[in-house]
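Participant: Enclosed is the structure file query11.cif (mmCIF, C-alpha atoms and all ligand atoms).
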data_my_file
loop_
_atom_site.label_atom_id
_atom_site.label_comp_id
_atom_site.auth_asym_id
_atom_site.auth_seq_id
_atom_site.Cartn_x
_atom_site.Cartn_y
_atom_site.Cartn_z
CA MET A 11 56.33 51.65 137.75
CA ALA A 12 59.86 52.86 138.33
CA LYS A 13 61.06 54.95 141.21
CA LEU A 14 61.87 58.39 139.89
CA ALA A 15 64.32 60.98 141.13
CA ILE A 16 64.77 64.56 140.01
CA ILE A 17 68.07 66.41 140.35
CA GLY A 18 67.45 70.15 140.41
CA GLY A 19 69.98 72.58 138.99
CA THR A 20 70.48 76.33 139.23
CA GLY A 21 67.12 77.98 139.95
CA LEU A 22 65.55 74.71 141.03
CA THR A 23 66.54 74.16 144.65
CA SER A 24 62.99 73.19 145.57
CA LEU A 25 60.20 71.75 143.51
CA LYS A 26 56.86 73.53 143.53
CA GLY A 27 54.11 70.95 143.25
CA LEU A 28 56.07 68.43 145.35
CA ALA A 29 54.27 67.67 148.62
CA ILE A 30 57.16 66.84 150.95
CA ILE A 31 56.71 63.70 153.03
CA ARG A 32 60.14 63.51 154.61
CA ARG A 33 63.77 64.54 154.27
CA GLU A 34 66.65 62.17 154.84
CA VAL A 35 70.28 63.04 155.53
CA MET A 36 72.25 60.39 153.64
CA HIS A 37 75.81 59.21 154.14
CA THR A 38 77.57 57.35 151.36
CA PRO A 39 80.98 55.69 150.97
CA TYR A 40 81.84 58.75 148.83
CA GLY A 41 80.84 61.39 151.36
CA GLU A 42 77.80 63.57 151.77
CA PRO A 43 75.33 64.39 148.99
CA SER A 44 74.64 68.05 148.23
CA ALA A 45 71.62 68.13 150.56
CA PRO A 46 69.22 65.86 152.42
CA LEU A 47 67.15 63.82 149.98
CA VAL A 48 63.58 65.02 149.76
CA PHE A 49 60.91 62.34 149.48
CA GLY A 50 57.57 63.61 148.35
CA GLU A 51 54.54 63.25 146.14
CA MET A 52 53.91 64.95 142.84
CA ALA A 53 50.73 64.42 140.86
CA GLY A 54 49.90 61.66 143.36
CA ARG A 55 53.17 59.73 142.78
CA GLU A 56 56.24 59.23 144.92
CA VAL A 57 59.30 61.18 143.75
CA MET A 58 62.73 61.92 145.20
CA PHE A 59 64.32 65.31 144.81
CA LEU A 60 67.91 66.44 145.27
CA PRO A 61 69.15 70.00 144.67
CA ARG A 62 72.55 69.56 142.97
CA HIS A 63 74.01 72.80 144.31
CA GLY A 64 72.73 72.33 147.86
CA ALA A 65 69.52 73.52 149.51
CA GLY A 66 70.88 77.09 149.66
CA HIS A 67 72.56 76.96 146.21
CA THR A 68 76.07 77.27 147.64
CA ILE A 69 77.98 74.42 145.94
CA PRO A 70 79.65 75.43 142.64
CA PRO A 71 79.64 72.97 139.71
CA HIS A 72 83.24 71.78 140.17
CA LYS A 73 82.67 71.13 143.89
CA VAL A 74 79.47 69.07 143.63
CA ASN A 75 79.96 65.57 145.05
CA TYR A 76 78.44 63.87 142.01
CA ARG A 77 79.36 60.40 143.25
CA ALA A 78 77.63 60.86 146.61
CA ASN A 79 74.54 62.39 144.97
CA LEU A 80 73.94 59.52 142.56
CA TRP A 81 74.90 56.86 145.08
CA ALA A 82 72.35 58.27 147.56
CA LEU A 83 69.62 58.20 144.91
CA LYS A 84 70.46 54.64 143.90
CA GLU A 85 70.65 53.56 147.54
CA SER A 86 67.18 55.03 148.09
CA GLY A 87 65.77 52.93 145.27
CA ALA A 88 65.82 55.35 142.34
CA GLU A 89 65.72 53.66 138.95
CA LYS A 90 65.14 56.67 136.69
CA VAL A 91 66.72 60.09 137.12
CA ILE A 92 65.70 63.31 135.42
CA ALA A 93 68.43 65.93 135.68
CA VAL A 94 67.57 69.59 135.25
CA ASN A 95 70.53 71.71 134.04
CA ALA A 96 70.90 75.39 133.27
CA VAL A 97 72.85 75.94 130.05
CA GLY A 98 74.05 78.54 127.59
CA GLY A 99 72.80 78.24 124.01
CA ILE A 100 75.29 77.84 121.17
CA ARG A 101 73.04 76.79 118.27
CA ALA A 102 71.04 79.77 116.99
CA ASP A 103 67.64 78.29 117.93
CA MET A 104 68.71 77.54 121.52
CA THR A 105 67.58 80.90 122.81
CA PRO A 106 67.04 81.91 126.45
CA GLY A 107 64.02 80.29 128.07
CA ARG A 108 63.93 77.29 125.70
CA LEU A 109 64.08 73.68 126.85
CA VAL A 110 66.35 71.09 125.26
CA ILE A 111 66.51 67.33 125.78
CA PRO A 112 70.06 66.64 124.60
CA ASP A 113 71.18 63.31 123.19
CA GLN A 114 74.97 63.64 123.21
CA ILE A 115 77.74 65.00 125.41
CA ILE A 116 81.31 66.17 124.96
CA ASP A 117 83.16 66.34 128.26
CA TYR A 118 85.63 69.22 128.74
CA THR A 119 85.75 68.99 132.54
CA TRP A 120 88.95 68.09 134.34
CA SER A 121 90.05 66.96 137.80
CA ARG A 122 86.55 65.92 138.83
CA ILE A 123 86.23 62.44 140.28
CA ASN A 124 84.42 60.79 137.42
CA THR A 125 84.09 57.07 138.24
CA TYR A 126 83.14 54.55 140.90
CA PHE A 127 85.45 52.02 139.29
CA GLU A 128 88.85 52.94 140.67
CA GLU A 129 89.66 50.96 143.80
CA GLY A 130 89.17 47.39 144.98
CA LEU A 131 88.41 46.18 141.47
CA THR A 132 88.36 42.54 140.51
CA SER A 133 88.68 43.64 136.87
CA VAL A 134 88.98 46.90 134.99
CA THR A 135 85.55 48.13 133.91
CA HIS A 136 84.69 50.32 130.91
CA ILE A 137 81.01 51.23 130.62
CA ASP A 138 79.43 51.72 127.21
CA PHE A 139 78.62 55.41 126.81
CA THR A 140 77.85 55.60 123.07
CA ASP A 141 74.46 57.08 123.90
CA PRO A 142 75.08 58.90 127.18
CA TYR A 143 71.41 59.41 128.04
CA CYS A 144 68.71 56.81 128.61
CA GLU A 145 66.87 56.77 125.28
CA SER A 146 63.59 55.42 126.69
CA LEU A 147 63.44 58.20 129.29
CA ARG A 148 64.25 60.81 126.63
CA ALA A 149 61.44 59.44 124.47
CA ASP A 150 59.00 59.51 127.40
CA MET A 151 59.93 63.11 128.19
CA LEU A 152 59.55 64.16 124.56
CA GLY A 153 56.22 62.34 124.33
CA CYS A 154 54.94 64.10 127.46
CA ALA A 155 56.10 67.48 126.13
CA ALA A 156 54.17 66.86 122.91
CA GLU A 157 51.02 65.94 124.88
CA ILE A 158 50.99 69.34 126.59
CA GLU A 159 52.17 71.14 123.44
CA LEU A 160 55.37 72.22 125.12
CA ASP A 161 57.95 73.31 122.60
CA VAL A 162 61.15 71.46 123.52
CA ILE A 163 64.15 70.91 121.27
CA ALA A 164 64.73 67.19 120.75
CA GLY A 165 68.42 66.40 120.71
CA GLY A 166 71.63 68.36 120.82
CA THR A 167 75.19 67.92 121.98
CA TYR A 168 75.86 69.17 125.50
CA ALA A 169 79.35 70.58 126.15
CA ALA A 170 80.26 70.05 129.80
CA THR A 171 82.75 72.74 130.82
CA GLN A 172 84.69 73.02 134.04
CA GLY A 173 83.52 76.41 135.29
CA PRO A 174 82.81 78.12 137.54
CA ARG A 175 83.67 80.93 135.14
CA LEU A 176 81.70 81.26 131.95
CA GLU A 177 83.47 80.66 128.63
CA THR A 178 85.33 83.11 126.40
CA ALA A 179 83.83 83.94 123.00
CA ALA A 180 86.64 81.94 121.35
CA GLU A 181 85.87 78.92 123.54
CA ILE A 182 82.22 79.03 122.47
CA ASP A 183 83.36 79.19 118.81
CA ARG A 184 85.55 76.17 119.42
CA LEU A 185 82.72 74.27 121.09
CA GLU A 186 80.55 74.99 118.06
CA ARG A 187 83.28 73.72 115.71
CA ASP A 188 83.41 70.59 117.84
CA GLY A 189 79.70 70.08 117.19
CA CYS A 190 78.30 71.27 120.51
CA ASP A 191 74.87 72.92 120.63
CA LEU A 192 74.58 73.89 124.29
CA VAL A 193 77.01 74.41 127.15
CA GLY A 194 76.74 73.80 130.87
CA MET A 195 78.95 72.97 133.83
CA THR A 196 77.13 70.11 135.55
CA GLY A 197 76.28 67.52 132.90
CA MET A 198 79.47 65.56 133.60
CA PRO A 199 80.50 63.44 135.35
CA GLU A 200 76.89 63.12 136.50
CA ALA A 201 75.66 61.31 133.37
CA ALA A 202 78.60 58.86 133.33
CA LEU A 203 78.26 58.05 137.03
CA ALA A 204 74.55 57.40 136.51
CA ARG A 205 75.43 54.93 133.76
CA GLU A 206 77.99 53.21 136.01
CA LEU A 207 75.20 52.72 138.56
CA GLU A 208 72.87 51.48 135.80
CA LEU A 209 70.42 54.29 136.40
CA CYS A 210 68.21 55.37 133.50
CA TYR A 211 69.26 59.03 133.32
CA ALA A 212 68.20 61.89 131.04
CA CYS A 213 68.55 65.66 131.09
CA VAL A 214 66.21 68.54 130.50
CA ALA A 215 68.31 71.64 129.90
CA VAL A 216 66.99 75.16 130.31
CA VAL A 217 68.70 77.80 128.21
CA ALA A 218 69.58 80.70 130.52
CA ASN A 219 71.63 82.82 128.10
CA MET A 220 73.29 82.73 124.73
CA GLY A 221 76.85 81.42 124.93
CA ALA A 222 79.60 84.00 125.38
CA GLY A 223 79.96 86.26 122.36
CA ARG A 224 76.58 85.21 120.92
CA GLY A 225 74.33 87.64 122.78
CA ASP A 226 74.40 91.38 123.47
CA GLY A 227 77.39 92.10 125.70
CA ALA A 228 78.31 90.51 129.00
CA ILE A 229 76.43 87.63 130.58
CA THR A 230 75.17 88.61 134.02
CA MET A 231 73.75 86.47 136.81
CA GLU A 232 70.70 88.74 136.76
CA MET A 233 70.14 87.85 133.09
CA ILE A 234 70.63 84.13 133.79
CA GLU A 235 68.14 84.16 136.67
CA ARG A 236 65.51 86.11 134.73
CA HIS A 237 65.55 83.70 131.78
CA LEU A 238 65.73 80.67 133.99
CA SER A 239 62.53 81.51 135.80
CA SER A 240 60.42 81.35 132.61
CA GLY A 241 62.14 78.17 131.44
CA LEU A 242 61.77 76.53 134.82
CA ALA A 243 58.02 77.17 134.78
CA ASP A 244 57.98 75.01 131.63
CA VAL A 245 60.17 72.38 133.33
CA ARG A 246 57.61 72.14 136.13
CA ARG A 247 54.79 71.68 133.60
CA LEU A 248 56.81 68.94 131.93
CA LEU A 249 57.59 67.18 135.21
CA GLU A 250 53.93 67.27 136.24
CA GLN A 251 53.13 65.41 133.02
CA VAL A 252 56.07 63.00 133.20
CA VAL A 253 55.82 61.97 136.86
CA PRO A 254 52.37 60.30 136.71
CA ARG A 255 53.49 58.41 133.58
CA LEU A 256 56.70 57.06 135.01
CA ALA A 257 56.74 57.08 138.79
N1 LIG B 301 78.10 78.39 130.04
C1 LIG B 301 78.25 77.37 130.91
N2 LIG B 301 77.32 77.05 131.81
C2 LIG B 301 76.20 77.78 131.84
C3 LIG B 301 75.98 78.85 130.98
C4 LIG B 301 76.99 79.17 130.01
O1 LIG B 301 76.86 80.11 129.21
N3 LIG B 301 74.76 79.37 131.29
C5 LIG B 301 74.28 78.63 132.31
N4 LIG B 301 75.13 77.66 132.65
#
Translate this file's structure into structure tokens.
Facilitator:
Amino acid sequence: MAKLAIIGGTGLTSLKGLAIIRREVMHTPYGEPSAPLVFGEMAGREVMFLPRHGAGHTIPPHKVNYRANLWALKESGAEKVIAVNAVGGIRADMTPGRLVIPDQIIDYTWSRINTYFEEGLTSVTHIDFTDPYCESLRADMLGCAAEIELDVIAGGTYAATQGPRLETAAEIDRLERDGCDLVGMTGMPEAALARELELCYACVAVVANMGAGRGDGAITMEMIERHLSSGLADVRRLLEQVVPRLA
């Protein structure tokens, strides 16, 4: 059985149902991770947990030290990583509160450090990223969702935007023309760094709002938080099913 780690996103700074055994402050060659790693037990299995935005949700998407976070998980023995990400829905059926397990990414972020392969190389390295998520982990998550009759959307293209501002209505239209179905600020470079470290990485996205211009009026943090809480209850149900299968 593989060692499993969960990266929590907005609204998921702690994991209900995780009995904490210990916390470890990690140091990596790339700096400090967002928070101490939490080692605990869920459904009787060992799991690691890391809140992407810090324990107090203070680190914005463009300031997350993605390299340190994934390095710390790898260093601690993680083999599989489930990332939880809050997103805006672009496709009409990606409505607030729904869960999506995307299968593709388009990266619109800039100036984020997005590789481990930049210094001290013996040769230039290009990872294959045709399928950016670990297909076996996606299949396991979808299988577990079906077992508990949880309605998740299988597949979709995740647009990773720079943030921290939300998009304009025209930007959302452009993302849709590009073929994107959902939009978030934290999917990259996390997924690519996970691949560089040969971690089996997949995402469960929680739709917090319709993309800009697709809902009624302005997008507020209050709206995002309200929708996230119902979606995150479903994420917890899914994780409780997935963890005993994988960890
Ligand atoms: N856009 C980008 N990131 C997001 C959104 C959004 O509408 N909602 C939650 N994260």
Participant: Where does chain A meet ligand LIG 301 (chain B) within 9 Å, residue by residue, with the nearest atom pair and distance in Å to one decimal for each, counting all atoms listed in the file, listed by chain and rising number, as a Markdown table?
Facilitator:
| residue | atom | partner | partner_atom | distance |
| --- | --- | --- | --- | --- |
| A:Thr20 | CA | B:LIG301 | N4 | 8.2 |
| A:Asn95 | CA | B:LIG301 | N4 | 7.6 |
| A:Ala96 | CA | B:LIG301 | C5 | 4.8 |
| A:Val97 | CA | B:LIG301 | C5 | 3.8 |
| A:Gly98 | CA | B:LIG301 | O1 | 3.6 |
| A:Gly99 | CA | B:LIG301 | O1 | 6.9 |
| A:Ile100 | CA | B:LIG301 | O1 | 8.5 |
| A:Ala169 | CA | B:LIG301 | C1 | 8.4 |
| A:Ala170 | CA | B:LIG301 | C1 | 7.7 |
| A:Thr171 | CA | B:LIG301 | C1 | 6.5 |
| A:Gln172 | CA | B:LIG301 | C1 | 8.4 |
| A:Gly173 | CA | B:LIG301 | C1 | 6.9 |
| A:Pro174 | CA | B:LIG301 | N2 | 8.0 |
| A:Arg175 | CA | B:LIG301 | C1 | 7.7 |
| A:Leu176 | CA | B:LIG301 | N1 | 5.0 |
| A:Glu177 | CA | B:LIG301 | N1 | 6.0 |
| A:Ile182 | CA | B:LIG301 | N1 | 8.6 |
| A:Leu192 | CA | B:LIG301 | N1 | 8.1 |
| A:Val193 | CA | B:LIG301 | C1 | 4.9 |
| A:Gly194 | CA | B:LIG301 | N2 | 3.4 |
| A:Met195 | CA | B:LIG301 | N2 | 4.8 |
| A:Thr196 | CA | B:LIG301 | N2 | 7.9 |
| A:Val216 | CA | B:LIG301 | C5 | 8.3 |
| A:Val217 | CA | B:LIG301 | C5 | 7.0 |
| A:Ala218 | CA | B:LIG301 | N3 | 5.4 |
| A:Asn219 | CA | B:LIG301 | N3 | 5.6 |
| A:Met220 | CA | B:LIG301 | O1 | 6.3 |
| A:Gly221 | CA | B:LIG301 | O1 | 4.5 |
| A:Ala222 | CA | B:LIG301 | O1 | 6.1 |
| A:Ile229 | CA | B:LIG301 | O1 | 7.7 |
| A:Ile234 | CA | B:LIG301 | C5 | 6.8 |
| A:Leu238 | CA | B:LIG301 | C5 | 8.9 |
Participant: Hey, which of A:Ala15, A:Val253, A:Ala212, A:Leu242 ends up closest to Gly165 of chain A? Count all atoms listed in the file.
Facilitator: A:Ala212
Participant: Check the smallest atom-to-atom distance from each of A:Gly223, A:Gly21, A:Gly54, A:Pro70 to Pro254 of chain A using only C-alpha atoms, then report the winner.
Facilitator: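 Between A:Gly223, A:Gly21, A:Gly54, A:Pro70, the residue approaching Pro254 of chain A most closely is A:Gly54.
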Participant: Between A:Gly153, A:Thr68, A:Met36, A:Ala204, which has the minimum distance to Asp138 of chain A (counting all atoms listed in the file)?
Facilitator: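 Among the listed residues, the smallest separation from Asp138 of chain A belongs to A:Ala204.
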Participant: Please provide as JSON, numbers by chain all residues within 8 Å of segment 24-26 of chain A, with the sequence filter that same-chain residues fewer than 2 positions apart are discarded (counting all atoms listed in the file).
Facilitator: {"A": [18, 22, 28, 59, 61, 65, 246]}
Participant: Keeping C-alpha atoms, export the residues of the selection given above as a compact mmCIF listing (two decimals), in the frame of the given file.
Facilitator:
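Generated output (result-v4.txt):
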# COMPACT_ATOMS: atom_id res chain seq x y z
CA GLY A 18 67.45 70.15 140.41
CA LEU A 22 65.55 74.71 141.03
CA LEU A 28 56.07 68.43 145.35
CA PHE A 59 64.32 65.31 144.81
CA PRO A 61 69.15 70.00 144.67
CA ALA A 65 69.52 73.52 149.51
CA ARG A 246 57.61 72.14 136.13
Participant: Restricting the calculation to all atoms listed in the file, which member of A:Arg101, A:Arg236, A:Arg122, A:Arg247 is positioned closest to Leu160 of chain A?
Facilitator: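 The closest residue to Leu160 of chain A is A:Arg247.
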Participant: What's around segment 12-14 of chain A at 7 Å? Count only C-alpha atoms, leave out sequence neighbours fewer than 3 positions away in its own chain, and write the answer as number ranges by chain.
Facilitator: A: 57-58, 87-91, 256-257
Participant: Nearest to Arg55 of chain A among A:Ile31, A:Ala82, A:Val245, A:Val74, with distances taken over all atoms listed in the file: which residue is it?
Facilitator: A:Ile31
Participant: What is the distance, in Å and to one decimal place, between atom CA of Leu83 of chain A and atom CA of Ile163 of chain A?
Facilitator: 27.4 Å
Participant: Given the point (66.7, 58.0, 125.0) in the file's coordinates, find the residues that have an atom at most 10 Å from it, counting only C-alpha atoms, and give them as a list of chain:residue names.
Facilitator: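 Returned residue set, sorted by chain then number, is A:Ile111, A:Pro112, A:Asp113, A:Asp141, A:Pro142, A:Tyr143, A:Cys144, A:Glu145, A:Ser146, A:Leu147, A:Arg148, A:Ala149, A:Asp150, A:Met151, A:Leu152, A:Gly165, A:Cys210, A:Tyr211, A:Ala212, A:Cys213.
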Participant: Rounded to one decimal in Å, what is the spacing between atom CA of Leu203 of chain A and atom CA of Arg255 of chain A?
Facilitator: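 Computed distance, atom CA of Leu203 of chain A to atom CA of Arg255 of chain A, equals 25.0 Å.
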Participant: How many Å lie between atom CA of Ala78 of chain A and atom CA of Val110 of chain A, rounded to one decimal?
Facilitator: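 Atom CA of Val110 of chain A lies at a distance of 26.2 Å from atom CA of Ala78 of chain A.
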Participant: Counting all atoms listed in the file, figure out which residue out of A:Glu206, A:Glu159, A:Asp183, A:Glu34 gets nearest to Phe127 of chain A.
Facilitator: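 Nearest candidate to Phe127 of chain A out of A:Glu206, A:Glu159, A:Asp183, A:Glu34: A:Glu206.
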